[in-house]
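Listing of input34.csv, CSV, C-alpha atoms
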chain,number,residue,atom,x,y,z
J,1068,MET,CA,0.0,0.0,0.0
J,1069,GLU,CA,2.9,2.3,0.8
J,1070,ALA,CA,4.3,2.0,-2.7
J,1071,HIS,CA,1.0,2.8,-4.3
J,1072,ARG,CA,-0.1,5.8,-2.2
J,1073,SER,CA,0.6,8.2,-5.1
J,1074,GLU,CA,-1.7,6.3,-7.4
J,1075,PHE,CA,-4.6,5.4,-5.2
J,1076,ALA,CA,-6.4,6.8,-2.2
J,1077,VAL,CA,-5.4,5.1,1.1
J,1078,VAL,CA,-9.0,4.7,2.2
J,1079,LYS,CA,-9.9,2.9,-1.0
J,1080,MET,CA,-6.9,0.6,-0.8
J,1081,CYS,CA,-7.7,-0.2,2.8
J,1082,SER,CA,-11.3,-1.1,2.0
J,1083,ALA,CA,-10.2,-3.2,-1.0
J,1084,LEU,CA,-7.7,-5.1,1.2
J,1085,GLU,CA,-10.1,-5.2,4.2
J,1086,VAL,CA,-7.7,-3.3,6.5
J,1087,SER,CA,-8.5,-0.4,8.7
J,1088,SER,CA,-6.9,2.9,7.7
J,1089,SER,CA,-6.0,3.6,11.3
J,1090,GLY,CA,-4.1,0.3,11.4
J,1091,PHE,CA,-2.2,1.2,8.2
J,1092,TYR,CA,-1.2,4.6,9.7
J,1093,LYS,CA,-0.2,2.9,13.0
J,1094,TRP,CA,2.0,0.4,11.0
J,1095,LEU,CA,3.5,3.3,9.1
J,1096,LYS,CA,4.7,5.1,12.2
J,1097,ALA,CA,5.7,2.0,14.1
J,1098,GLU,CA,9.3,1.7,15.1
J,1099,LEU,CA,11.3,-1.5,15.0
J,1100,SER,CA,11.2,-3.6,18.1
J,1101,GLN,CA,14.4,-4.7,19.9
J,1102,GLN,CA,14.0,-8.2,18.5
J,1103,GLU,CA,13.6,-7.0,14.9
J,1104,ALA,CA,16.5,-4.6,15.2
J,1105,ARG,CA,18.7,-7.4,16.6
J,1106,LYS,CA,17.6,-9.8,13.8
J,1107,ALA,CA,18.4,-7.1,11.2
J,1108,SER,CA,21.9,-6.6,12.6
J,1109,VAL,CA,22.5,-10.4,12.8
J,1110,LEU,CA,21.3,-10.8,9.2
J,1111,GLU,CA,23.6,-8.0,8.0
J,1112,ARG,CA,26.6,-9.6,9.8
J,1113,ILE,CA,25.8,-13.0,8.4
J,1114,ALA,CA,25.7,-11.6,4.9
J,1115,HIS,CA,28.9,-9.8,5.4
J,1116,HIS,CA,30.9,-12.8,6.7
J,1117,PHE,CA,29.4,-15.1,4.1
J,1118,GLN,CA,30.6,-12.8,1.3
J,1119,ASP,CA,33.9,-12.2,3.0
J,1120,SER,CA,34.5,-16.0,3.1
J,1121,LYS,CA,33.9,-16.2,-0.6
J,1122,GLN,CA,30.6,-18.0,0.1
J,1123,ARG,CA,32.3,-21.0,1.7
J,1124,TYR,CA,31.4,-20.7,5.4
J,1125,GLY,CA,28.3,-22.5,6.6
J,1126,SER,CA,26.3,-22.0,9.7
J,1127,PRO,CA,28.8,-23.6,12.2
J,1128,LYS,CA,31.7,-21.2,11.2
J,1129,LEU,CA,29.4,-18.2,10.9
J,1130,THR,CA,28.0,-18.9,14.4
J,1131,ALA,CA,31.5,-19.0,15.8
J,1132,MET,CA,32.3,-15.7,14.1
J,1133,LEU,CA,29.1,-14.0,15.4
J,1134,ARG,CA,29.8,-15.3,18.9
J,1135,LYS,CA,33.3,-13.7,18.7
J,1136,GLU,CA,31.5,-10.4,17.8
J,1137,GLY,CA,29.3,-10.7,20.9
J,1138,PHE,CA,26.1,-12.0,19.5
J,1139,THR,CA,24.4,-14.8,21.3
J,1140,VAL,CA,23.0,-17.0,18.5
J,1141,THR,CA,22.6,-20.7,18.0
J,1142,GLU,CA,23.7,-22.6,14.9
J,1143,ARG,CA,20.2,-23.5,14.0
J,1144,THR,CA,19.2,-19.8,14.1
J,1145,VAL,CA,22.1,-18.9,11.8
J,1146,SER,CA,21.0,-21.7,9.5
J,1147,ASN,CA,17.5,-20.4,9.4
J,1148,TYR,CA,18.6,-16.9,8.7
J,1149,MET,CA,20.9,-18.1,5.9
J,1150,GLN,CA,17.9,-19.9,4.3
J,1151,GLU,CA,15.9,-16.7,4.7
J,1152,LEU,CA,18.6,-14.7,2.9
J,1153,GLY,CA,19.0,-17.4,0.2
J,1154,LEU,CA,22.6,-18.2,1.2
J,1155,ARG,CA,24.1,-21.6,0.8
J,1156,SER,CA,27.7,-22.5,1.4
J,1157,CYS,CA,29.7,-24.1,-1.4
J,1158,VAL,CA,32.5,-26.2,0.0
J,1159,SER,CA,35.2,-27.1,-2.4
J,1160,ARG,CA,37.1,-30.3,-1.8
J,1161,LYS,CA,40.7,-30.1,-0.9
J,1162,PHE,CA,43.0,-31.2,-3.8
J,1163,ASN,CA,44.4,-34.6,-3.1
J,1164,VAL,CA,47.3,-35.8,-5.2
J,1165,GLN,CA,47.1,-39.5,-6.0
J,1166,THR,CA,50.3,-41.1,-7.2
J,1167,THR,CA,51.2,-44.7,-8.0
J,1168,ASP,CA,53.2,-46.6,-5.5
J,1169,SER,CA,55.8,-48.5,-7.7
J,1170,ASN,CA,57.6,-49.9,-4.7
J,1171,HIS,CA,55.3,-52.8,-3.8
J,1172,GLU,CA,55.5,-56.5,-3.5
J,1173,ASP,CA,52.3,-57.2,-5.5
J,1174,PRO,CA,52.7,-59.2,-8.8
J,1175,ILE,CA,52.9,-57.1,-12.0
J,1176,ALA,CA,50.7,-58.1,-14.9
J,1177,PRO,CA,52.6,-59.4,-17.9
J,1178,ASN,CA,52.9,-57.1,-21.0
J,1179,LEU,CA,51.1,-59.3,-23.5
J,1180,LEU,CA,50.7,-56.6,-26.1
J,1181,ASN,CA,54.4,-55.8,-26.0
J,1182,GLN,CA,53.9,-52.4,-27.6
J,1183,GLN,CA,52.5,-54.0,-30.8
J,1184,PHE,CA,49.6,-51.8,-31.5
J,1185,HIS,CA,49.0,-52.7,-35.1
J,1186,VAL,CA,47.0,-55.9,-35.5
J,1187,THR,CA,45.7,-57.8,-38.6
J,1188,GLU,CA,42.1,-58.3,-37.5
J,1189,PRO,CA,39.8,-56.6,-35.0
J,1190,ASN,CA,39.1,-58.2,-31.6
J,1191,ARG,CA,42.4,-60.1,-31.6
J,1192,VAL,CA,44.3,-58.2,-29.0
J,1193,TRP,CA,42.8,-57.1,-25.7
Can you present the structure in this file as structure tokens?
Amino acid sequence: MEAHRSEFAVVKMCSALEVSSSGFYKWLKAELSQQEARKASVLERIAHHFQDSKQRYGSPKLTAMLRKEGFTVTERTVSNYMQELGLRSCVSRKFNVQTTDSNHEDPIAPNLLNQQFHVTEPNRVW
């Protein structure tokens, strides 16, 4: 209703939406409660730390960071706030080099092909 005040009369919008005009004006002048103000500040800090961590930190690490800043929040609350903001952590796996261990006691398969890649007929060498 606030966005369309310049186009339509407030009284007509209130009657169409079945809301009292006094309730609309009371809502318009209302201040944020302490809980809403605290939630807004926590949401802002979650978004900041999430972007600062290159979108990698999830709710456990963000909860720890918020607690260091002095907020008393639970991991579940941070998780719910992240869902509300549409944030989801993207964890990349650590690169793990896999090499062949050539110093082992296992039997080595014989080289039957013996580097002869040219064959006379198909399905002869496997």
For a quick check of understanding, using all atoms listed in the file, which of J:Lys1106, J:Pro1174, J:Leu1133, J:Lys1161 has the smallest distance to Asn1147 of chain J?
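The closest residue to Asn1147 of chain J is J:Lys1106.
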Quick check, in Å to one decimal: how far apart do atom CA of Tyr1148 of chain J and atom CA of Trp1094 of chain J lie?
24.1 Å
Would you mind reading off the distance between atom CA of His1115 of chain J and atom CA of Lys1096 of chain J, one decimal, in Å?
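Atom CA of Lys1096 of chain J lies 29.2 Å from atom CA of His1115 of chain J.
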For a test of reading the model, state the distance in Å between atom CA of His1171 of chain J and atom CA of Gln1183 of chain J, rounded to one decimal.
27.2 Å
Tell me which residues come within 12 Å of (29.5, -14.3, 2.9), as a list in words, counting all atoms listed in the file in the file's coordinates.
Leu1110, Glu1111, Arg1112, Ile1113, Ala1114, His1115, His1116, Phe1117, Gln1118, Asp1119, Ser1120, Lys1121, Gln1122, Arg1123, Tyr1124, Gly1125, Ser1126, Lys1128, Leu1129, Met1132, Met1149, Leu1152, Gly1153, Leu1154, Arg1155, Ser1156 and Cys1157 of chain J
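With only C-alpha atoms as the atoms that count, the minimum distance from Ala1070 of chain J to the choices J:Arg1160, J:Leu1095, J:Gln1101, J:Pro1177 is reached by J:Leu1095.
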